[in-house]
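Next up, my_file.cif (mmCIF, C-alpha atoms):
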data_entry
#
loop_
_atom_site.label_atom_id
_atom_site.label_comp_id
_atom_site.auth_asym_id
_atom_site.auth_seq_id
_atom_site.Cartn_x
_atom_site.Cartn_y
_atom_site.Cartn_z
CA MET S 61 0.00 0.00 0.00
CA LYS S 62 2.96 2.30 -0.51
CA ARG S 63 1.98 5.87 -1.19
CA ASN S 64 5.48 6.74 -2.33
CA ARG S 65 8.00 4.51 -4.13
CA PHE S 66 11.71 5.08 -4.57
CA ASP S 67 11.14 6.36 -8.12
CA GLN S 68 8.36 8.82 -7.18
CA ASP S 69 9.05 12.39 -6.11
CA GLU S 70 7.71 13.39 -2.74
CA VAL S 71 5.22 16.23 -2.67
CA LEU S 72 5.41 18.57 0.30
CA GLU S 73 2.14 18.42 2.17
CA THR S 74 2.62 21.93 3.54
CA PRO S 75 4.50 24.74 1.73
CA PHE S 76 7.49 26.31 3.40
CA SER S 77 6.93 29.35 5.53
CA PHE S 78 9.25 31.28 7.81
CA VAL S 79 7.33 29.78 10.71
CA HIS S 80 9.48 26.69 10.03
CA PHE S 81 12.61 28.81 10.19
CA LYS S 82 11.47 30.32 13.49
CA ARG S 83 10.98 26.80 14.80
CA ALA S 84 14.51 25.95 13.72
CA LEU S 85 15.87 28.91 15.66
CA LYS S 86 14.99 27.20 18.94
CA TYR S 87 17.97 24.93 18.31
CA VAL S 88 20.10 28.02 17.77
CA ARG S 89 18.91 29.58 21.03
CA ARG S 90 20.11 26.54 22.96
CA ASN S 91 23.64 27.43 21.80
CA ARG S 92 23.29 31.18 21.91
CA PHE S 93 26.21 31.69 24.32
CA LEU S 94 28.64 29.86 22.03
CA MET S 95 27.31 31.61 18.95
CA ALA S 96 27.38 35.03 20.62
CA THR S 97 30.98 34.45 21.66
CA ALA S 98 31.90 33.42 18.12
CA LEU S 99 30.13 36.48 16.74
CA ILE S 100 31.99 38.85 19.07
CA LEU S 101 35.36 37.27 18.24
CA SER S 102 34.63 37.47 14.53
CA ALA S 103 33.61 41.13 14.78
CA ILE S 104 36.79 42.01 16.69
CA ALA S 105 38.91 40.06 14.20
CA GLY S 106 37.28 41.88 11.31
CA ILE S 107 37.80 45.32 12.82
CA VAL S 108 41.43 44.57 13.69
CA ALA S 109 42.14 43.37 10.16
CA LEU S 110 40.77 46.62 8.69
CA PHE S 111 43.67 48.55 10.18
CA GLY S 112 46.02 46.78 7.75
CA PRO S 113 45.19 49.00 4.74
CA LYS S 114 45.47 52.11 6.96
CA ILE S 115 48.97 51.02 7.97
CA THR S 116 49.83 50.49 4.29
CA GLN S 117 48.50 53.93 3.39
CA TYR S 118 50.48 55.60 6.18
CA ALA S 119 53.67 53.75 5.20
CA LEU S 120 53.45 54.77 1.54
CA ASP S 121 52.35 58.37 2.09
CA GLU S 122 54.40 59.23 5.19
CA ALA S 123 57.24 56.86 6.05
CA VAL S 124 58.52 56.08 2.53
CA PRO S 125 58.71 59.72 1.30
CA ALA S 126 60.48 60.66 4.55
CA LYS S 127 62.85 57.65 4.22
CA ASP S 128 62.12 56.86 7.85
CA VAL S 129 63.38 53.27 8.20
CA ARG S 130 62.58 53.06 11.91
CA ARG S 131 58.98 54.05 11.27
CA LEU S 132 58.72 51.51 8.42
CA VAL S 133 59.95 48.73 10.69
CA LEU S 134 57.42 49.66 13.37
CA LEU S 135 54.64 49.79 10.77
CA ALA S 136 55.70 46.37 9.46
CA VAL S 137 55.55 44.95 12.98
CA ALA S 138 52.14 46.56 13.49
CA PHE S 139 50.91 45.15 10.15
CA PHE S 140 52.08 41.67 11.17
CA GLY S 141 50.49 42.10 14.59
CA VAL S 142 47.02 43.04 13.38
CA ASN S 143 46.96 40.12 10.94
CA ALA S 144 48.21 37.69 13.59
CA VAL S 145 45.54 38.81 16.06
CA SER S 146 42.86 38.54 13.38
CA ILE S 147 43.95 35.00 12.42
CA LEU S 148 44.13 33.88 16.06
CA LEU S 149 40.66 35.18 16.87
CA ASN S 150 39.24 33.48 13.79
CA MET S 151 40.85 30.18 14.78
CA ILE S 152 39.25 30.35 18.23
CA ARG S 153 35.94 31.30 16.66
CA THR S 154 36.13 28.30 14.28
CA ARG S 155 36.59 25.89 17.21
CA ILE S 156 33.65 27.42 19.06
CA MET S 157 31.42 27.18 16.00
CA ALA S 158 32.36 23.52 15.55
CA HIS S 159 31.00 22.83 19.05
CA ALA S 160 27.81 24.80 18.34
CA THR S 161 27.25 23.00 15.03
CA GLN S 162 27.63 19.56 16.58
CA ASN S 163 25.25 20.54 19.40
CA ILE S 164 22.62 21.58 16.86
CA ILE S 165 23.08 18.33 14.90
CA TYR S 166 22.66 16.38 18.12
CA ASP S 167 19.50 18.24 19.20
CA ILE S 168 17.71 18.12 15.83
CA ARG S 169 18.58 14.49 15.17
CA LYS S 170 17.55 13.47 18.69
CA ASP S 171 14.16 15.20 18.40
CA LEU S 172 13.58 13.84 14.90
CA PHE S 173 14.50 10.29 15.86
CA ALA S 174 12.41 10.45 19.03
CA HIS S 175 9.39 11.48 16.96
CA LEU S 176 10.02 8.70 14.45
CA GLN S 177 9.86 6.24 17.35
CA LYS S 178 6.32 7.39 18.10
CA LEU S 179 4.95 7.18 14.57
CA PRO S 180 2.65 4.27 13.71
CA PHE S 181 3.41 1.52 11.21
CA THR S 182 1.21 3.30 8.66
CA TYR S 183 3.88 5.98 8.32
CA TYR S 184 6.55 3.41 7.46
CA ASP S 185 4.17 1.50 5.20
CA SER S 186 3.68 4.58 3.05
CA ARG S 187 7.30 5.44 2.13
CA PRO S 188 10.62 3.69 1.56
CA ALA S 189 13.05 3.52 4.48
CA GLY S 190 15.72 5.37 2.47
CA LYS S 191 13.58 8.49 2.22
CA ILE S 192 13.28 8.53 6.00
CA LEU S 193 16.97 7.84 6.52
CA VAL S 194 18.10 10.72 4.30
CA ARG S 195 16.15 13.15 6.46
CA VAL S 196 17.75 11.95 9.67
CA ILE S 197 21.32 11.90 8.31
CA ASN S 198 21.91 14.07 5.22
CA TYR S 199 19.33 16.79 5.69
CA VAL S 200 20.11 17.33 9.37
CA ASN S 201 23.83 17.72 8.60
CA SER S 202 23.11 20.33 5.93
CA VAL S 203 20.54 22.27 7.95
CA SER S 204 22.69 22.35 11.09
CA SER S 205 25.58 24.00 9.26
CA ILE S 206 23.39 26.80 7.93
CA LEU S 207 21.66 27.29 11.31
CA SER S 208 24.94 27.61 13.17
CA GLY S 209 27.79 28.80 10.98
CA GLY S 210 25.49 30.28 8.37
CA ILE S 211 23.72 32.63 10.77
CA VAL S 212 26.92 33.71 12.53
CA ASN S 213 28.81 34.16 9.26
CA MET S 214 25.93 36.16 7.84
CA LEU S 215 25.93 38.55 10.80
CA VAL S 216 29.73 38.78 10.77
CA ASP S 217 29.76 39.55 7.06
CA ILE S 218 27.09 42.23 7.48
CA PHE S 219 29.12 43.83 10.27
CA ASN S 220 32.28 43.59 8.16
CA ILE S 221 30.57 45.31 5.25
CA ILE S 222 29.42 48.14 7.53
CA PHE S 223 32.90 48.54 9.04
CA ILE S 224 34.57 48.43 5.63
CA VAL S 225 32.22 51.06 4.24
CA VAL S 226 33.00 53.30 7.22
CA PHE S 227 36.75 52.90 6.66
CA MET S 228 36.34 53.47 2.92
CA TYR S 229 34.44 56.73 3.39
CA SER S 230 36.93 57.86 6.04
CA THR S 231 39.68 57.33 3.46
CA ASP S 232 38.03 58.95 0.41
CA ALA S 233 34.30 59.55 0.11
CA ARG S 234 34.26 60.04 -3.67
CA LEU S 235 36.12 56.83 -4.46
CA ALA S 236 34.02 54.96 -1.90
CA THR S 237 30.78 56.05 -3.58
CA ILE S 238 32.09 55.04 -7.01
CA SER S 239 33.32 51.67 -5.69
CA LEU S 240 29.94 50.74 -4.19
CA ALA S 241 27.86 51.65 -7.25
CA GLY S 242 27.65 48.01 -8.42
CA LEU S 243 26.16 46.67 -5.19
CA PRO S 244 22.47 47.50 -5.98
CA VAL S 245 22.80 45.71 -9.34
CA PHE S 246 24.17 42.60 -7.62
CA VAL S 247 21.35 42.57 -5.03
CA ALA S 248 18.72 42.92 -7.76
CA ILE S 249 20.14 39.95 -9.68
CA ILE S 250 20.11 37.77 -6.55
CA LEU S 251 16.46 38.62 -5.85
CA LEU S 252 15.53 37.77 -9.44
CA LEU S 253 17.24 34.38 -9.26
CA LYS S 254 15.79 33.42 -5.87
CA PRO S 255 12.60 31.59 -7.08
CA LEU S 256 14.53 29.58 -9.67
CA GLN S 257 17.18 28.62 -7.10
CA ARG S 258 14.58 27.30 -4.69
CA ARG S 259 12.74 25.26 -7.37
CA ARG S 260 15.96 23.63 -8.53
CA SER S 261 17.05 22.92 -4.96
CA GLN S 262 13.74 21.18 -4.26
CA ALA S 263 14.02 19.18 -7.50
CA TYR S 264 17.49 17.96 -6.53
CA SER S 265 16.28 17.18 -3.01
CA ASN S 266 13.56 14.94 -4.48
CA LYS S 267 15.92 13.04 -6.79
CA ASN S 268 18.55 12.63 -4.07
CA SER S 269 15.87 11.26 -1.76
CA ASN S 270 14.78 8.79 -4.47
CA LEU S 271 18.37 7.64 -4.92
CA ASN S 272 18.87 7.10 -1.19
CA ALA S 273 15.60 5.18 -0.99
CA PHE S 274 16.63 2.82 -3.77
CA VAL S 275 20.09 2.23 -2.30
CA ALA S 276 18.59 1.42 1.11
CA GLU S 277 16.05 -0.98 -0.41
CA GLY S 278 18.70 -2.54 -2.65
CA ILE S 279 21.04 -3.28 0.27
CA GLU S 280 18.21 -4.59 2.41
CA GLY S 281 17.00 -6.87 -0.37
CA VAL S 282 20.34 -7.95 -1.82
CA ARG S 283 19.74 -11.62 -0.95
CA VAL S 284 16.43 -11.58 -2.80
CA SER S 285 18.10 -9.89 -5.79
CA GLN S 286 20.77 -12.58 -5.91
CA LEU S 287 18.23 -15.36 -5.47
CA PHE S 288 16.18 -14.22 -8.46
CA ALA S 289 19.14 -12.95 -10.56
CA HIS S 290 17.80 -9.40 -10.39
CA GLN S 291 21.21 -7.68 -10.37
CA GLU S 292 21.15 -6.44 -13.96
CA GLU S 293 17.77 -4.79 -13.55
CA ASN S 294 18.93 -3.18 -10.27
CA LEU S 295 22.03 -1.81 -11.98
CA SER S 296 19.89 -0.37 -14.77
CA THR S 297 17.59 1.32 -12.25
CA MET S 298 20.60 2.65 -10.33
CA ASP S 299 22.08 4.13 -13.52
CA ARG S 300 18.80 5.85 -14.29
CA LEU S 301 18.45 7.33 -10.81
CA LEU S 302 22.08 8.48 -10.79
CA ALA S 303 21.67 10.16 -14.17
CA VAL S 304 18.54 12.04 -13.07
CA CYS S 305 20.16 13.02 -9.75
CA ARG S 306 23.26 14.28 -11.58
CA GLU S 307 21.11 16.26 -14.02
CA LYS S 308 19.22 18.03 -11.20
CA TRP S 309 22.48 18.67 -9.32
CA MET S 310 24.07 20.27 -12.37
CA LYS S 311 21.04 22.50 -12.94
CA MET S 312 21.16 23.63 -9.32
CA ILE S 313 24.91 24.28 -9.53
CA TYR S 314 24.51 26.26 -12.76
CA ILE S 315 22.15 28.74 -11.15
CA ASN S 316 24.26 28.94 -7.97
CA ASN S 317 27.42 29.55 -9.99
CA THR S 318 25.61 32.26 -11.91
CA VAL S 319 25.35 34.25 -8.69
CA THR S 320 29.05 33.75 -7.98
CA SER S 321 30.03 34.70 -11.54
CA VAL S 322 27.95 37.87 -11.42
CA SER S 323 29.62 38.79 -8.13
CA VAL S 324 33.11 38.31 -9.59
CA LEU S 325 32.22 40.28 -12.72
CA ILE S 326 30.84 43.25 -10.77
CA ASN S 327 33.83 43.05 -8.43
CA GLN S 328 36.29 43.35 -11.32
CA LEU S 329 34.31 46.17 -12.90
CA ALA S 330 34.36 48.00 -9.56
CA PHE S 331 38.16 47.66 -9.38
CA THR S 332 38.50 48.99 -12.92
CA VAL S 333 36.27 51.98 -12.25
CA LEU S 334 38.05 52.66 -8.94
CA TYR S 335 41.52 52.85 -10.49
CA ILE S 336 40.32 54.89 -13.46
CA ALA S 337 38.58 57.33 -11.13
CA GLY S 338 41.63 57.39 -8.86
CA VAL S 339 43.92 58.32 -11.72
CA TYR S 340 41.43 60.96 -12.91
CA PHE S 341 41.06 62.53 -9.47
CA SER S 342 44.80 62.44 -8.83
CA GLY S 343 45.27 64.95 -11.65
CA GLY S 344 43.16 67.57 -9.93
CA THR S 345 42.63 66.90 -6.24
CA MET S 346 45.75 64.84 -5.57
CA VAL S 347 44.55 61.39 -4.60
CA SER S 348 47.77 59.90 -3.26
CA PHE S 349 49.11 56.50 -4.25
CA GLY S 350 48.72 55.34 -0.65
CA VAL S 351 45.03 56.31 -0.63
CA LEU S 352 44.42 54.59 -3.96
CA LEU S 353 46.16 51.39 -2.80
CA ALA S 354 44.26 51.42 0.51
CA MET S 355 40.95 51.87 -1.33
CA GLY S 356 41.82 48.92 -3.57
CA GLN S 357 42.47 46.77 -0.52
CA TYR S 358 39.24 47.88 1.11
CA LEU S 359 37.31 47.18 -2.08
CA GLY S 360 38.76 43.66 -2.20
CA ARG S 361 37.79 43.16 1.43
CA PHE S 362 34.34 44.60 0.74
CA TRP S 363 33.49 42.09 -1.98
CA GLN S 364 34.76 39.17 0.06
CA PRO S 365 31.90 39.34 2.61
CA VAL S 366 29.51 40.20 -0.23
CA ASN S 367 30.54 36.99 -1.99
CA ASN S 368 30.24 35.15 1.31
CA LEU S 369 26.70 36.44 1.76
CA ALA S 370 25.85 35.29 -1.77
CA SER S 371 27.25 31.84 -0.94
CA ILE S 372 25.33 31.73 2.35
CA TYR S 373 22.21 32.77 0.46
CA ASN S 374 22.71 29.87 -1.96
CA GLN S 375 23.11 27.46 0.96
CA PHE S 376 20.10 28.97 2.69
CA VAL S 377 17.89 28.50 -0.37
CA THR S 378 19.11 24.90 -0.77
CA ASN S 379 18.61 24.07 2.89
CA LEU S 380 15.10 25.51 2.94
CA ALA S 381 14.08 22.43 0.98
CA TYR S 382 15.79 20.19 3.55
CA LEU S 383 14.23 22.11 6.44
CA GLU S 384 10.82 21.58 4.88
CA ARG S 385 11.39 17.82 4.81
CA ILE S 386 12.61 17.68 8.41
CA PHE S 387 9.68 19.61 9.85
CA GLU S 388 7.24 17.76 7.63
CA THR S 389 8.45 14.59 9.36
CA MET S 390 8.28 16.18 12.82
CA ASP S 391 4.71 17.29 12.06
CA GLU S 392 3.54 13.79 11.19
CA PRO S 393 0.67 13.03 13.57
CA VAL S 394 1.13 10.36 16.21
CA THR S 395 -2.08 8.41 15.59
CA VAL S 396 -1.22 5.48 17.86
CA ASP S 397 -0.48 6.82 21.32
CA ASP S 398 -1.47 6.47 24.94
CA ALA S 399 -5.05 7.40 25.78
CA PRO S 400 -5.42 10.54 27.95
CA HIS S 401 -5.97 8.46 31.11
CA ALA S 402 -4.07 5.31 30.16
CA THR S 403 -2.98 3.02 32.99
CA GLU S 404 -0.23 0.47 33.45
CA LEU S 405 -1.15 -3.01 32.24
CA PRO S 406 -1.16 -5.46 35.17
CA PRO S 407 0.29 -8.96 34.72
CA ILE S 408 -1.91 -10.94 32.36
CA LYS S 409 -2.63 -14.64 31.86
CA GLY S 410 -2.54 -14.44 28.09
CA GLU S 411 -6.20 -14.61 26.98
CA VAL S 412 -6.94 -12.34 24.01
CA THR S 413 -10.47 -11.55 22.81
CA PHE S 414 -11.38 -9.81 19.54
CA ARG S 415 -14.83 -8.29 19.97
CA ASP S 416 -16.45 -7.11 16.70
CA VAL S 417 -13.08 -5.84 15.39
CA THR S 418 -12.87 -4.14 12.02
CA PHE S 419 -9.52 -3.01 10.68
CA GLY S 420 -8.07 -1.81 7.38
CA TYR S 421 -4.81 -0.20 6.27
CA GLU S 422 -6.79 2.25 4.18
CA PRO S 423 -10.30 3.73 4.59
CA GLN S 424 -13.10 1.65 3.08
CA MET S 425 -10.73 -1.29 2.51
CA PRO S 426 -11.05 -3.58 5.56
CA VAL S 427 -8.62 -6.45 6.07
CA LEU S 428 -10.52 -7.72 9.13
CA GLU S 429 -14.27 -7.11 9.33
CA HIS S 430 -16.48 -7.73 12.39
CA VAL S 431 -14.11 -10.37 13.74
CA ASN S 432 -15.03 -12.14 16.98
CA PHE S 433 -12.90 -14.80 18.65
CA THR S 434 -11.05 -15.62 21.86
CA VAL S 435 -7.65 -17.26 22.08
CA ARG S 436 -6.43 -18.71 25.37
CA ALA S 437 -2.93 -19.66 26.43
CA GLY S 438 -1.75 -22.67 24.46
CA GLU S 439 -4.31 -22.24 21.65
CA SER S 440 -3.64 -21.02 18.13
CA ILE S 441 -5.68 -19.43 15.38
CA ALA S 442 -5.01 -18.52 11.75
CA LEU S 443 -6.30 -15.26 10.23
CA VAL S 444 -5.44 -14.76 6.56
CA GLY S 445 -6.44 -11.59 4.73
CA PRO S 446 -6.59 -10.97 0.95
CA THR S 447 -2.78 -10.82 0.69
CA GLY S 448 -2.10 -13.70 3.05
CA ALA S 449 -0.48 -11.33 5.56
CA GLY S 450 -2.89 -11.85 8.42
CA LYS S 451 -0.16 -12.79 10.89
CA SER S 452 1.43 -9.36 10.81
CA THR S 453 -1.91 -7.64 11.15
CA VAL S 454 -3.01 -9.57 14.23
CA VAL S 455 0.35 -9.27 15.98
CA ASN S 456 0.59 -5.54 15.30
CA LEU S 457 -2.97 -4.90 16.41
CA ILE S 458 -2.33 -6.69 19.69
CA SER S 459 0.83 -4.62 20.16
CA ARG S 460 -1.11 -1.53 19.00
CA PHE S 461 1.20 -0.48 16.23
CA TYR S 462 -2.12 0.15 14.49
CA ASN S 463 -5.46 1.28 15.90
CA VAL S 464 -8.58 -0.72 15.07
CA ASP S 465 -11.28 1.03 13.07
CA SER S 466 -13.99 -0.26 15.38
CA GLY S 467 -14.49 -2.88 18.07
CA GLN S 468 -12.28 -3.89 20.99
CA ILE S 469 -9.33 -6.15 21.73
CA LEU S 470 -9.52 -7.37 25.33
CA LEU S 471 -6.90 -9.00 27.52
CA ASP S 472 -8.14 -11.63 29.98
CA GLY S 473 -11.68 -10.76 28.94
CA GLU S 474 -11.82 -7.32 30.54
CA GLN S 475 -8.74 -5.09 29.91
CA ASP S 476 -9.17 -3.07 26.67
CA ILE S 477 -5.71 -2.60 25.16
CA ALA S 478 -6.70 0.93 24.09
CA THR S 479 -6.84 1.99 27.76
CA VAL S 480 -3.34 0.89 28.83
CA THR S 481 0.02 2.53 28.16
CA LEU S 482 1.82 1.28 25.08
CA ALA S 483 5.05 0.74 27.01
CA SER S 484 3.42 -1.53 29.58
CA LEU S 485 1.50 -3.37 26.83
CA ARG S 486 4.59 -4.07 24.74
CA ARG S 487 6.64 -5.12 27.75
CA GLN S 488 4.32 -8.14 28.07
CA GLN S 489 3.93 -8.91 24.39
CA GLY S 490 6.43 -11.76 24.77
CA ILE S 491 3.86 -13.42 27.04
CA MET S 492 0.82 -12.93 24.85
CA MET S 493 2.42 -12.82 21.39
CA GLN S 494 3.88 -16.22 20.63
CA GLU S 495 3.81 -18.11 17.35
CA SER S 496 0.34 -19.21 18.32
CA PHE S 497 -0.92 -16.10 16.56
CA ILE S 498 -0.38 -17.06 12.93
#
How would this structure read if it were set down as structure tokens?
Amino acid sequence: MKRNRFDQDEVLETPFSFVHFKRALKYVRRNRFLMATALILSAIAGIVALFGPKITQYALDEAVPAKDVRRLVLLAVAFFGVNAVSILLNMIRTRIMAHATQNIIYDIRKDLFAHLQKLPFTYYDSRPAGKILVRVINYVNSVSSILSGGIVNMLVDIFNIIFIVVFMYSTDARLATISLAGLPVFVAIILLLKPLQRRRSQAYSNKNSNLNAFVAEGIEGVRVSQLFAHQEENLSTMDRLLAVCREKWMKMIYINNTVTSVSVLINQLAFTVLYIAGVYFSGGTMVSFGVLLAMGQYLGRFWQPVNNLASIYNQFVTNLAYLERIFETMDEPVTVDDAPHATELPPIKGEVTFRDVTFGYEPQMPVLEHVNFTVRAGESIALVGPTGAGKSTVVNLISRFYNVDSGQILLDGEQDIATVTLASLRRQQGIMMQESFI
């Protein structure tokens, strides 16, 4: 009765909304101290590094013309110092973020796996195991990196851009304005490409999920494949799934690389315009060589966080599709659970009574219909449905991996299994669930 096979794309039952992203932030808040520390260290490292171009400007415009060797040596030491401090702070920040990322992976995966433990058999009947596995492993890894490092890096890059712009305007306002003219064009292109990026990311997510589902089923059923000489057909199916997955990956990468290429192109155009304007202004208002070199360094530093933000944006768009899948799984209803006032099941003798029980895997398609019987310890009974799989149905109903559509299943003639806790019921299933139930 599978609703979704390995070769069928999953359809999201609820569209993505930023409510999902807000839900994801609860995992970030659990690590807010680590992330705040990393953010502060990154901000300090960025500010310290921005003094490098100022030192270069001062050396070229002041120390070199004056032939002051002592001052040049001190400036060189200062230049080395600011870069060393910046690198050291970034190393510490990287270690802190590694801890935060692993904490987020642990928390999301634990919550997701705990919810999977509560879901009824109908959930696992309706989709391949590989499509569940990819959500617990692959998608959580990807989402955790964007929730931890992605958020911190985004804030750091925004702060760096602000600091760099301040330093640029403090150096030369005219050249700064000219250098930043390409930024609105870049932002507009990113916003235009956003819908296409998300569609292609979702398409790749579907095909990757299909591939994982087939691999999981193929490994699980390898003995059956060998028994019936099914290897060639499996290889053919694998080739087809790999080809489709590769095609969707390449389409996603094309659009992501377009953003990067546009960034590089605008960056190079900005450098060209900066140096042309610097040479033009130097003829009239005396833009010094030190100022022009410092502005070039600042411009290079400016586009680095801009490119980083574009990369984070690409990752964010990709991981939105993964986040949708994760929360779709977490939102799956727990249809088989303890009743509001469920009690512990006392020790039982082993008598099981089906009283007018009707059950079906799907609505209007009963497997058992108005069944009445009692089985006592030492007795056996055979129930065979249309597929011959009655054994599984009876055992799982007694263990309450499924709920009956109507009727009651009683233990020792009086205890309705719907009124006891599942844990206490399943602890005794070894007593009541022997091979006598066929």
_Using all atoms listed in the file, can you tell me which of S:Met312, S:Ala96, S:Ala330, S:Ala483 comes closest to S:Leu235?_
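Ranked by minimum distance to S:Leu235, first place goes to S:Ala330.
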*asked:* Can you pull out the residues contacting S:Met214? Cut-off 7 Å, using all atoms listed in the file, and skip same-chain residues under 4 positions away; I want them as a list in words.
replied: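 Once the nearby chain positions are removed, what remains is Gly210, Ile218 and Leu369 of chain S.
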With C-alpha atoms retained, could you export that selection as a compact mmCIF listing (two decimals), in the frame of the given file?
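Output saved as selection.txt:
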# COMPACT_ATOMS: atom_id res chain seq x y z
CA GLY S 210 25.49 30.28 8.37
CA ILE S 218 27.09 42.23 7.48
CA LEU S 369 26.70 36.44 1.76
_Picked residues, the PyMOL selection byres ((chain S and resi 101) around 12), as a VMD selection string_ = chain S and resid 94 to 100 102 to 108 145 to 157 212 to 213 216
Counting all atoms listed in the file, what is within 9 Å of S:Ala399, bar same-chain residues fewer than 5 positions away, as a short mmCIF file (atom, residue, chain, number, x, y, z; two decimals) with C-alpha atoms, in the coordinates of the input?
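Contents of result09.cif, as written:
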data_model
loop_
_atom_site.label_atom_id
_atom_site.label_comp_id
_atom_site.auth_asym_id
_atom_site.auth_seq_id
_atom_site.Cartn_x
_atom_site.Cartn_y
_atom_site.Cartn_z
CA ALA S 478 -6.70 0.93 24.09
CA THR S 479 -6.84 1.99 27.76
CA VAL S 480 -3.34 0.89 28.83
CA THR S 481 0.02 2.53 28.16
#
*Got a sec to resolve the PyMOL selection byres ((chain S and resi 407-419) around 6) on this structure and send the residues as a ChimeraX atom specification?*
/S:406,420,426-437,464-472,492
Let me see the file: selected residues, C-alpha atoms, as a compact mmCIF listing (two decimals), in the coordinates of the input.
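Final output, saved to again_36.txt:
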# COMPACT_ATOMS: atom_id res chain seq x y z
CA PRO S 406 -1.16 -5.46 35.17
CA GLY S 420 -8.07 -1.81 7.38
CA PRO S 426 -11.05 -3.58 5.56
CA VAL S 427 -8.62 -6.45 6.07
CA LEU S 428 -10.52 -7.72 9.13
CA GLU S 429 -14.27 -7.11 9.33
CA HIS S 430 -16.48 -7.73 12.39
CA VAL S 431 -14.11 -10.37 13.74
CA ASN S 432 -15.03 -12.14 16.98
CA PHE S 433 -12.90 -14.80 18.65
CA THR S 434 -11.05 -15.62 21.86
CA VAL S 435 -7.65 -17.26 22.08
CA ARG S 436 -6.43 -18.71 25.37
CA ALA S 437 -2.93 -19.66 26.43
CA VAL S 464 -8.58 -0.72 15.07
CA ASP S 465 -11.28 1.03 13.07
CA SER S 466 -13.99 -0.26 15.38
CA GLY S 467 -14.49 -2.88 18.07
CA GLN S 468 -12.28 -3.89 20.99
CA ILE S 469 -9.33 -6.15 21.73
CA LEU S 470 -9.52 -7.37 25.33
CA LEU S 471 -6.90 -9.00 27.52
CA ASP S 472 -8.14 -11.63 29.98
CA MET S 492 0.82 -12.93 24.85
*Can you work out the spacing between atom CA of S:Ala233 and atom CA of S:Asp217 in Å, to one decimal?*
21.7 Å
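You will find atom CA of S:Leu301 at 27.5 Å from atom CA of S:Ile206.
Across the model, the gap from atom CA of S:Tyr335 to atom CA of S:Ile221 is 20.6 Å.
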